[in-house]
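run.tsv (TSV, C-alpha atoms and all ligand atoms) appears below.
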chain	number	residue	atom	x	y	z
G	1	MET	CA	124.75	116.18	36.83
G	2	ILE	CA	122.17	114.00	35.10
G	3	ASP	CA	122.69	111.42	37.85
G	4	ARG	CA	121.69	113.98	40.46
G	5	TYR	CA	118.53	114.94	38.56
G	6	PHE	CA	117.76	111.28	38.02
G	7	ILE	CA	118.07	110.52	41.74
G	8	GLU	CA	115.93	113.57	42.58
G	9	LEU	CA	113.31	112.35	40.11
G	10	ASN	CA	113.17	109.05	41.99
G	11	PHE	CA	112.67	110.83	45.31
G	12	ILE	CA	109.88	112.94	43.82
G	13	TRP	CA	108.27	109.72	42.53
G	14	ILE	CA	108.53	108.17	46.01
G	15	GLY	CA	106.83	111.30	47.39
G	16	VAL	CA	103.97	110.84	44.89
G	17	ALA	CA	103.67	107.19	46.01
G	18	VAL	CA	103.39	108.17	49.68
G	19	ILE	CA	100.80	110.88	48.93
G	20	THR	CA	98.81	108.38	46.81
G	21	PHE	CA	98.97	105.81	49.61
G	22	LEU	CA	97.74	108.31	52.21
G	23	ALA	CA	94.96	109.58	49.92
G	24	LEU	CA	93.76	106.02	49.15
G	25	ILE	CA	93.79	105.05	52.84
G	26	ILE	CA	92.40	108.26	54.37
G	27	PHE	CA	89.63	108.80	51.79
G	28	LYS	CA	89.00	105.05	51.38
G	29	ILE	CA	89.17	105.38	47.57
G	30	ARG	CA	88.44	102.13	45.74
G	31	ALA	CA	90.30	102.21	42.39
G	32	PRO	CA	87.42	101.49	39.99
G	33	TYR	CA	88.50	98.33	38.16
G	34	GLY	CA	87.77	94.67	38.74
G	35	ARG	CA	85.17	94.27	41.53
G	36	HIS	CA	85.16	98.03	42.20
G	37	ALA	CA	84.56	99.06	38.54
G	38	ASN	CA	81.83	101.63	37.97
G	39	GLU	CA	80.71	103.90	35.17
G	40	LYS	CA	81.02	107.14	37.15
G	41	TRP	CA	84.64	107.37	36.00
G	42	GLY	CA	83.76	108.04	32.33
G	43	LYS	CA	84.36	106.11	29.12
G	44	MET	CA	85.08	102.39	29.53
G	45	ILE	CA	86.99	99.79	27.49
G	46	ALA	CA	87.03	95.98	27.58
G	47	ASN	CA	88.70	94.73	30.76
G	48	HIS	CA	91.32	92.49	29.12
G	49	TRP	CA	92.40	95.13	26.59
G	50	GLY	CA	92.61	97.66	29.43
G	51	TRP	CA	95.06	95.35	31.24
G	52	PHE	CA	97.05	94.79	28.04
G	53	TRP	CA	97.51	98.47	27.18
G	54	MET	CA	98.23	99.64	30.70
G	55	GLU	CA	100.95	97.03	31.32
G	56	LEU	CA	102.57	97.22	27.85
G	57	PRO	CA	104.92	100.18	28.60
G	58	ALA	CA	106.52	98.28	31.49
G	59	LEU	CA	106.96	95.16	29.37
G	60	LEU	CA	108.72	97.16	26.63
G	61	LEU	CA	110.50	100.10	28.24
G	62	PHE	CA	112.66	98.38	30.84
G	63	PRO	CA	114.20	95.71	28.57
G	64	LEU	CA	114.56	98.04	25.56
G	65	LEU	CA	116.30	100.83	27.49
G	66	THR	CA	118.52	98.33	29.28
G	67	ILE	CA	119.48	96.37	26.18
G	68	PHE	CA	119.97	99.31	23.81
G	69	GLY	CA	121.55	101.66	26.38
G	70	PRO	CA	125.33	102.13	26.15
G	71	ARG	CA	126.18	100.63	29.55
G	72	ASP	CA	128.13	97.36	29.53
G	73	LYS	CA	125.85	94.46	30.30
G	74	ASP	CA	126.91	91.68	32.60
G	75	LEU	CA	125.27	88.68	34.21
G	76	LEU	CA	123.30	90.67	36.80
G	77	THR	CA	121.87	92.92	34.08
G	78	TRP	CA	120.53	89.89	32.21
G	79	ILE	CA	119.17	88.31	35.41
G	80	LEU	CA	117.22	91.50	36.18
G	81	VAL	CA	115.95	91.82	32.61
G	82	GLY	CA	114.86	88.16	32.80
G	83	MET	CA	113.00	88.60	36.10
G	84	TRP	CA	111.23	91.77	34.98
G	85	SER	CA	110.31	90.39	31.54
G	86	LEU	CA	108.95	87.15	33.00
G	87	HIS	CA	106.62	89.05	35.32
G	88	TYR	CA	105.46	91.56	32.72
G	89	PHE	CA	105.06	89.04	29.91
G	90	ASN	CA	102.60	87.21	32.14
G	91	ARG	CA	100.86	90.38	33.35
G	92	THR	CA	100.55	91.95	29.85
G	93	VAL	CA	100.05	89.09	27.44
G	94	ILE	CA	98.86	86.04	29.41
G	95	PHE	CA	96.99	87.20	32.55
G	96	PRO	CA	94.47	89.57	30.85
G	97	PHE	CA	93.32	86.97	28.36
G	98	ARG	CA	92.88	84.25	30.98
G	99	LEU	CA	90.47	86.35	33.07
G	100	ARG	CA	86.93	85.00	33.07
G	101	THR	CA	85.47	88.48	32.90
G	102	ARG	CA	83.80	88.45	29.50
G	103	GLY	CA	81.80	91.65	28.98
G	104	LYS	CA	83.45	93.40	31.94
G	105	LYS	CA	84.88	96.89	31.39
G	106	MET	CA	87.27	99.29	33.06
G	107	PRO	CA	87.40	103.11	32.85
G	108	LEU	CA	89.87	104.70	30.42
G	109	THR	CA	90.95	106.95	33.33
G	110	ILE	CA	92.38	103.87	35.04
G	111	VAL	CA	94.03	102.66	31.83
G	112	PHE	CA	95.73	106.03	31.25
G	113	SER	CA	96.84	106.52	34.84
G	114	ALA	CA	98.25	102.97	35.03
G	115	LEU	CA	99.87	103.45	31.62
G	116	PHE	CA	101.62	106.56	32.98
G	117	PHE	CA	102.58	104.72	36.20
G	118	ASN	CA	104.06	101.78	34.28
G	119	SER	CA	105.87	104.09	31.83
G	120	VAL	CA	107.57	105.98	34.65
G	121	ASN	CA	108.59	102.78	36.47
G	122	GLY	CA	109.80	101.12	33.26
G	123	PHE	CA	111.70	104.27	32.28
G	124	LEU	CA	113.36	104.85	35.68
G	125	ASN	CA	114.53	101.24	36.01
G	126	GLY	CA	115.53	100.84	32.34
G	127	TYR	CA	117.34	104.18	32.11
G	128	TRP	CA	119.26	103.36	35.28
G	129	LEU	CA	120.37	99.93	34.11
G	130	GLY	CA	120.93	100.89	30.46
G	131	PHE	CA	122.64	104.27	30.95
G	132	LEU	CA	123.63	105.21	34.50
G	133	ALA	CA	124.32	102.30	36.83
G	134	PRO	CA	127.94	101.69	37.91
G	135	LYS	CA	129.54	98.45	36.76
G	136	ASP	CA	128.12	95.45	38.63
G	137	GLY	CA	130.31	93.40	40.91
G	138	PRO	CA	130.20	89.59	41.03
G	139	ILE	CA	126.89	87.89	41.88
G	140	SER	CA	126.59	88.38	45.65
G	141	MET	CA	124.46	86.73	48.33
G	142	LEU	CA	122.26	89.84	48.17
G	143	VAL	CA	121.49	89.15	44.51
G	144	ILE	CA	120.80	85.47	45.18
G	145	GLY	CA	118.63	86.26	48.23
G	146	GLY	CA	116.71	88.95	46.30
G	147	ALA	CA	116.15	86.65	43.33
G	148	VAL	CA	114.91	83.84	45.60
G	149	LEU	CA	112.49	86.26	47.28
G	150	PHE	CA	111.33	87.49	43.86
G	151	PHE	CA	110.53	83.95	42.68
G	152	ILE	CA	108.77	83.06	45.95
G	153	GLY	CA	106.66	86.21	45.50
G	154	MET	CA	105.96	85.34	41.87
G	155	TYR	CA	104.92	81.81	42.82
G	156	ILE	CA	102.48	83.18	45.42
G	157	ASN	CA	101.20	85.92	43.09
G	158	MET	CA	100.63	83.71	40.05
G	159	GLY	CA	99.44	80.73	42.07
G	160	THR	CA	96.78	82.74	43.88
G	161	ASP	CA	95.79	84.74	40.76
G	162	ASN	CA	95.22	81.34	39.12
G	163	ARG	CA	93.06	80.15	42.02
G	164	LEU	CA	90.93	83.31	41.84
G	165	ILE	CA	90.51	83.00	38.09
G	166	ALA	CA	89.56	79.31	38.51
G	167	LEU	CA	86.74	80.21	40.93
G	168	ARG	CA	84.58	81.14	37.93
G	169	LYS	CA	85.03	77.67	36.38
G	170	GLN	CA	82.44	76.21	38.76
G	171	GLN	CA	80.01	79.15	39.03
G	172	SER	CA	79.73	82.72	37.81
G	173	GLY	CA	80.01	85.73	40.13
G	174	TYR	CA	82.14	86.18	43.21
G	175	GLN	CA	82.72	83.51	45.85
G	176	ILE	CA	84.72	83.31	49.05
G	177	PRO	CA	88.15	81.98	48.06
G	178	ARG	CA	89.33	79.18	50.36
G	179	GLY	CA	92.44	77.09	50.97
G	180	TRP	CA	96.22	77.65	50.86
G	181	LEU	CA	97.08	81.31	51.72
G	182	PHE	CA	93.43	82.38	51.50
G	183	ARG	CA	93.06	80.73	54.91
G	184	TYR	CA	95.08	83.62	56.37
G	185	ILE	CA	94.57	86.59	54.08
G	186	SER	CA	92.02	87.90	51.58
G	187	CYS	CA	94.60	89.01	48.98
G	188	PRO	CA	97.60	86.68	48.78
G	189	ASN	CA	98.08	87.71	45.14
G	190	HIS	CA	98.80	91.28	46.30
G	191	PHE	CA	100.98	90.01	49.14
G	192	GLY	CA	102.95	87.91	46.59
G	193	GLU	CA	103.43	90.87	44.27
G	194	ILE	CA	104.76	93.04	47.12
G	195	ILE	CA	107.25	90.27	48.01
G	196	GLU	CA	108.22	89.95	44.34
G	197	TRP	CA	109.22	93.58	43.88
G	198	THR	CA	110.89	93.74	47.27
G	199	GLY	CA	113.04	90.80	46.11
G	200	PHE	CA	113.76	92.57	42.83
G	201	ALA	CA	114.83	95.72	44.72
G	202	ILE	CA	117.19	93.68	46.90
G	203	ALA	CA	118.71	91.91	43.91
G	204	ALA	CA	119.04	95.13	41.87
G	205	TRP	CA	120.12	97.25	44.89
G	206	SER	CA	119.26	100.48	43.08
G	207	ILE	CA	117.18	103.54	43.87
G	208	PRO	CA	114.73	103.02	40.93
G	209	ALA	CA	114.11	99.40	41.96
G	210	ALA	CA	113.53	100.47	45.58
G	211	THR	CA	111.23	103.25	44.33
G	212	PHE	CA	109.20	100.69	42.40
G	213	ALA	CA	108.97	98.36	45.41
G	214	ILE	CA	107.69	101.27	47.53
G	215	TRP	CA	105.14	102.15	44.82
G	216	THR	CA	103.97	98.54	44.65
G	217	PHE	CA	103.29	98.55	48.38
G	218	CYS	CA	101.58	101.97	48.23
G	219	ASN	CA	99.31	100.74	45.42
G	220	LEU	CA	98.55	97.24	46.58
G	221	ALA	CA	98.18	97.64	50.35
G	222	PRO	CA	95.15	99.97	49.94
G	223	ARG	CA	93.72	97.75	47.19
G	224	ALA	CA	94.01	94.68	49.42
G	225	LEU	CA	92.30	96.59	52.27
G	226	ASN	CA	89.51	97.61	49.87
G	227	HIS	CA	89.05	94.01	48.67
G	228	HIS	CA	89.03	92.77	52.27
G	229	GLU	CA	86.40	95.30	53.30
G	230	TRP	CA	84.36	94.46	50.17
G	231	TYR	CA	84.41	90.71	51.02
G	232	ARG	CA	83.13	91.52	54.51
G	233	GLU	CA	80.32	93.66	53.08
G	234	GLN	CA	79.31	91.01	50.52
G	235	PHE	CA	79.52	87.80	52.56
G	236	SER	CA	78.02	87.62	56.06
G	237	ASP	CA	79.86	84.30	56.61
G	238	TYR	CA	83.26	85.72	55.60
G	239	PRO	CA	85.96	84.17	57.87
G	240	LYS	CA	86.49	86.61	60.76
G	241	GLU	CA	90.09	85.64	61.49
G	242	ARG	CA	91.23	86.35	57.92
G	243	LYS	CA	93.41	89.48	57.52
G	244	ALA	CA	93.68	91.63	54.37
G	245	PHE	CA	97.16	90.91	53.03
G	246	ILE	CA	99.70	90.27	55.80
G	247	PRO	CA	98.96	87.07	57.76
G	248	LYS	CA	98.00	87.78	61.41
G	249	ILE	CA	98.93	91.47	61.10
G	250	TRP	CA	97.03	93.63	58.59
T	301	LIG	P1	91.70	90.53	42.01
T	301	LIG	O1	92.21	89.65	43.05
T	301	LIG	O2	90.62	91.47	42.37
T	301	LIG	O3	91.18	89.71	40.72
T	301	LIG	C1	91.92	88.79	39.96
T	301	LIG	C2	90.95	88.04	39.04
T	301	LIG	O4	90.20	87.07	39.78
T	301	LIG	C3	89.89	88.90	38.37
T	301	LIG	O5	89.53	88.35	37.15
T	301	LIG	C4	88.70	88.82	39.33
T	301	LIG	O6	87.46	89.08	38.70
T	301	LIG	C5	88.80	87.39	39.79
T	301	LIG	N1	88.36	87.25	41.19
T	301	LIG	C6	88.95	87.85	42.25
T	301	LIG	N2	88.34	87.49	43.40
T	301	LIG	C7	87.33	86.66	43.04
T	301	LIG	C8	86.33	85.98	43.78
T	301	LIG	N3	86.28	86.09	45.11
T	301	LIG	N4	85.42	85.23	43.12
T	301	LIG	C9	85.50	85.11	41.76
T	301	LIG	N5	86.43	85.73	40.99
T	301	LIG	C10	87.34	86.51	41.61
T	301	LIG	O7	93.00	91.25	41.47
T	301	LIG	P2	93.33	92.78	41.11
T	301	LIG	O8	92.55	93.26	39.93
T	301	LIG	O9	93.33	93.59	42.34
T	301	LIG	O10	94.86	92.53	40.65
T	301	LIG	C11	95.15	91.58	39.64
T	301	LIG	C12	96.65	91.35	39.60
T	301	LIG	O11	97.35	92.54	39.23
T	301	LIG	C13	97.23	90.90	40.95
T	301	LIG	O12	98.19	89.90	40.71
T	301	LIG	C14	97.89	92.15	41.48
T	301	LIG	O13	98.99	91.83	42.31
T	301	LIG	C15	98.31	92.87	40.20
T	301	LIG	N6	98.33	94.33	40.39
T	301	LIG	C16	99.56	94.96	40.51
T	301	LIG	C17	99.62	96.31	40.76
T	301	LIG	C18	100.95	96.97	40.99
T	301	LIG	O14	100.97	98.14	41.34
T	301	LIG	N7	102.07	96.32	40.78
T	301	LIG	C19	98.39	97.14	40.83
T	301	LIG	C20	97.17	96.36	40.69
T	301	LIG	C21	97.16	95.02	40.48
T	301	LIG	P3	86.90	90.60	38.53
T	301	LIG	O15	87.87	91.29	37.62
T	301	LIG	O16	85.56	90.41	37.97
T	301	LIG	O17	86.90	91.23	39.92
Let me see the structure of the file written as structure tokens.
Amino acid sequence: MIDRYFIELNFIWIGVAVITFLALIIFKIRAPYGRHANEKWGKMIANHWGWFWMELPALLLFPLLTIFGPRDKDLLTWILVGMWSLHYFNRTVIFPFRLRTRGKKMPLTIVFSALFFNSVNGFLNGYWLGFLAPKDGPISMLVIGGAVLFFIGMYINMGTDNRLIALRKQQSGYQIPRGWLFRYISCPNHFGEIIEWTGFAIAAWSIPAATFAIWTFCNLAPRALNHHEWYREQFSDYPKERKAFIPKIW
């Protein structure tokens, strides 16, 4: 019975993702952190601590539920825990403190909503793998293909995040990023993250992992479109052929 409720919960969460996506696209809402931060959204906290607190539930919940849940753990379980932990260790503990955004703030509203978002995703995936999932079979081509896709996505995501962070080494403020994937799209870091979680969903082949991949797209596609539009507003010489986050398409 619990399995049925759990699956229904995932479908409800996918519904929330789709509604969020449509709302962000239709009403052109710019989530107010990073370049879109503003004080109209209430009390603010330091940018890097905001990132730390909002990502922490994902870093902790998925591995803890998986490891301490009663389900037998096999190789695939450990591979998935490794992939997830690698991404979230960077996002929670390393990425925020490398940002060159001293003095920058983000609204607590964003921190709390992202904290909730990460808690639900960490819980759904961890509870599935720690308590409910059927026994895994041997490592299949699907797992290998998904893991390869995940690491390609991670390479793109971290590599392009690093390039953006490095832009402030030479001068303060925003500049037009150039080179590598920035030649084709404004937000290769978002593109990379979408690929990453699609790869994870393929390797895990579970409803919670697919739900999270859908959420990642629903969150990051509108954010990439917002960033792209923002670049065009800010820089009159912004490359016209550049797309937002899918080369040649979108
Ligand atoms: P951005 O690309 O806006 O920013 C990344 C960092 O680089 C920030 O410190 C930013 O500064 C700086 N930066 C960006 N562009 C420039 C520029 N043109 N010139 C100078 N500095 C620049 O990333 P997001 O905040 O949108 O996302 C950060 C990471 O988090 C990404 O890897 C993204 O994939 C991930 N993410 C994942 C989500 C998910 O649902 N899984 C949701 C949201 C983000 P500043 O902060 O001052 O703008």
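Using all atoms listed in the file, residues with at least one atom at most 6 Å away from any atom of ligand LIG 301 (chain T) are Gly34, Arg35, Leu99, Arg100, Thr101, Asn157, Asp161, Leu164, Ile165, Leu167, Arg168, Gly173, Tyr174, Gln175, Ile176, Pro177, Asn189, His190, Glu193, Thr216, Asn219 and Leu220 of chain G.
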For the residues selected in the previous step, produce a file with C-alpha atoms as a PDB file, in the frame of the given file.
ATOM      1  CA  GLY G  34      87.770  94.670  38.740  1.00  0.00           C
ATOM      2  CA  ARG G  35      85.170  94.270  41.530  1.00  0.00           C
ATOM      3  CA  LEU G  99      90.470  86.350  33.070  1.00  0.00           C
ATOM      4  CA  ARG G 100      86.930  85.000  33.070  1.00  0.00           C
ATOM      5  CA  THR G 101      85.470  88.480  32.900  1.00  0.00           C
ATOM      6  CA  ASN G 157     101.200  85.920  43.090  1.00  0.00           C
ATOM      7  CA  ASP G 161      95.790  84.740  40.760  1.00  0.00           C
ATOM      8  CA  LEU G 164      90.930  83.310  41.840  1.00  0.00           C
ATOM      9  CA  ILE G 165      90.510  83.000  38.090  1.00  0.00           C
ATOM     10  CA  LEU G 167      86.740  80.210  40.930  1.00  0.00           C
ATOM     11  CA  ARG G 168      84.580  81.140  37.930  1.00  0.00           C
ATOM     12  CA  GLY G 173      80.010  85.730  40.130  1.00  0.00           C
ATOM     13  CA  TYR G 174      82.140  86.180  43.210  1.00  0.00           C
ATOM     14  CA  GLN G 175      82.720  83.510  45.850  1.00  0.00           C
ATOM     15  CA  ILE G 176      84.720  83.310  49.050  1.00  0.00           C
ATOM     16  CA  PRO G 177      88.150  81.980  48.060  1.00  0.00           C
ATOM     17  CA  ASN G 189      98.080  87.710  45.140  1.00  0.00           C
ATOM     18  CA  HIS G 190      98.800  91.280  46.300  1.00  0.00           C
ATOM     19  CA  GLU G 193     103.430  90.870  44.270  1.00  0.00           C
ATOM     20  CA  THR G 216     103.970  98.540  44.650  1.00  0.00           C
ATOM     21  CA  ASN G 219      99.310 100.740  45.420  1.00  0.00           C
ATOM     22  CA  LEU G 220      98.550  97.240  46.580  1.00  0.00           C
TER      23      LEU G 220
END
- [ ] Would you please work out which residue, of G:Ala31, G:Ile214, G:Leu149, G:Ala244, is nearest to Ile19 in chain G when using all atoms listed in the file?
- [x] G:Ile214
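Restricting the calculation to all atoms listed in the file, the smallest distance between His48 in chain G and any of G:Lys28, G:Arg98, G:Lys73, G:Arg242 is found for G:Arg98.
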Excluding Ile110 in chain G and any residue of its chain fewer than 2 positions from it, enumerate the residues within 8 Å of it, using all atoms listed in the file, and give them as a short mmCIF file (atom, residue, chain, number, x, y, z; two decimals) with C-alpha atoms, in the frame of the given file.
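Contents of the output file result_1.cif:
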data_model
loop_
_atom_site.label_atom_id
_atom_site.label_comp_id
_atom_site.auth_asym_id
_atom_site.auth_seq_id
_atom_site.Cartn_x
_atom_site.Cartn_y
_atom_site.Cartn_z
CA ALA G 31 90.30 102.21 42.39
CA PRO G 32 87.42 101.49 39.99
CA TYR G 33 88.50 98.33 38.16
CA MET G 106 87.27 99.29 33.06
CA PRO G 107 87.40 103.11 32.85
CA LEU G 108 89.87 104.70 30.42
CA PHE G 112 95.73 106.03 31.25
CA SER G 113 96.84 106.52 34.84
CA ALA G 114 98.25 102.97 35.03
#
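Using only C-alpha atoms, the smallest distance between any of G:Asn47, G:Asn38, G:Gln234, G:Thr198 and Phe97 in chain G comes from G:Asn47.
Minimum atom-to-atom distance to Phe217 in chain G, evaluated using all atoms listed in the file, belongs to G:Phe21 out of G:Tyr127, G:Ala46, G:Phe21, G:Gly159.
Shell of Leu9 in chain G at 12 Å, with only C-alpha atoms counted and residues fewer than 6 places along the chain excluded, is Ile2, Asp3, Gly15, Val16, Val120, Asn121, Phe123, Leu124, Asn125, Trp128, Ile207, Pro208 and Thr211 of chain G.
Between CA of Ile195 in chain G and CA of Asp74 in chain G the separation is 25.0 Å.
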List every protein, DNA or RNA residue with an atom no more than 12 Å from (83.1, 92.2, 53.5) in the file's coordinates, counting all atoms listed in the file, and format the result as a PDB file with C-alpha atoms, in the coordinates of the input.
ATOM      1  CA  TYR G 174      82.140  86.180  43.210  1.00  0.00           C
ATOM      2  CA  GLN G 175      82.720  83.510  45.850  1.00  0.00           C
ATOM      3  CA  ILE G 176      84.720  83.310  49.050  1.00  0.00           C
ATOM      4  CA  SER G 186      92.020  87.900  51.580  1.00  0.00           C
ATOM      5  CA  ALA G 224      94.010  94.680  49.420  1.00  0.00           C
ATOM      6  CA  LEU G 225      92.300  96.590  52.270  1.00  0.00           C
ATOM      7  CA  ASN G 226      89.510  97.610  49.870  1.00  0.00           C
ATOM      8  CA  HIS G 227      89.050  94.010  48.670  1.00  0.00           C
ATOM      9  CA  HIS G 228      89.030  92.770  52.270  1.00  0.00           C
ATOM     10  CA  GLU G 229      86.400  95.300  53.300  1.00  0.00           C
ATOM     11  CA  TRP G 230      84.360  94.460  50.170  1.00  0.00           C
ATOM     12  CA  TYR G 231      84.410  90.710  51.020  1.00  0.00           C
ATOM     13  CA  ARG G 232      83.130  91.520  54.510  1.00  0.00           C
ATOM     14  CA  GLU G 233      80.320  93.660  53.080  1.00  0.00           C
ATOM     15  CA  GLN G 234      79.310  91.010  50.520  1.00  0.00           C
ATOM     16  CA  PHE G 235      79.520  87.800  52.560  1.00  0.00           C
ATOM     17  CA  SER G 236      78.020  87.620  56.060  1.00  0.00           C
ATOM     18  CA  ASP G 237      79.860  84.300  56.610  1.00  0.00           C
ATOM     19  CA  TYR G 238      83.260  85.720  55.600  1.00  0.00           C
ATOM     20  CA  PRO G 239      85.960  84.170  57.870  1.00  0.00           C
ATOM     21  CA  LYS G 240      86.490  86.610  60.760  1.00  0.00           C
ATOM     22  CA  ARG G 242      91.230  86.350  57.920  1.00  0.00           C
ATOM     23  CA  LYS G 243      93.410  89.480  57.520  1.00  0.00           C
ATOM     24  CA  ALA G 244      93.680  91.630  54.370  1.00  0.00           C
TER      25      ALA G 244
END
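Between CA of Ala133 in chain G and CA of Ile7 in chain G lies a distance of 11.4 Å.
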Let me know the centre plus edge lengths, in Å and rounded to one decimal, of a box with edges along x, y and z that contains all listed atoms of range 162-176 of chain G and is padded by 6 Å on every side, as lines of an AutoDock Vina configuration file.
center_x = 87.5
center_y = 81.2
center_z = 42.7
size_x = 27.5
size_y = 22.0
size_z = 24.7
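The interatomic distance for the pair CA of Ser206 in chain G and CA of Phe151 in chain G works out to 18.7 Å.
If all atoms listed in the file are the atoms counted, then among G:Val18, G:Thr77, G:Ala221, G:Leu59 the closest residue to Gly137 in chain G is G:Thr77.
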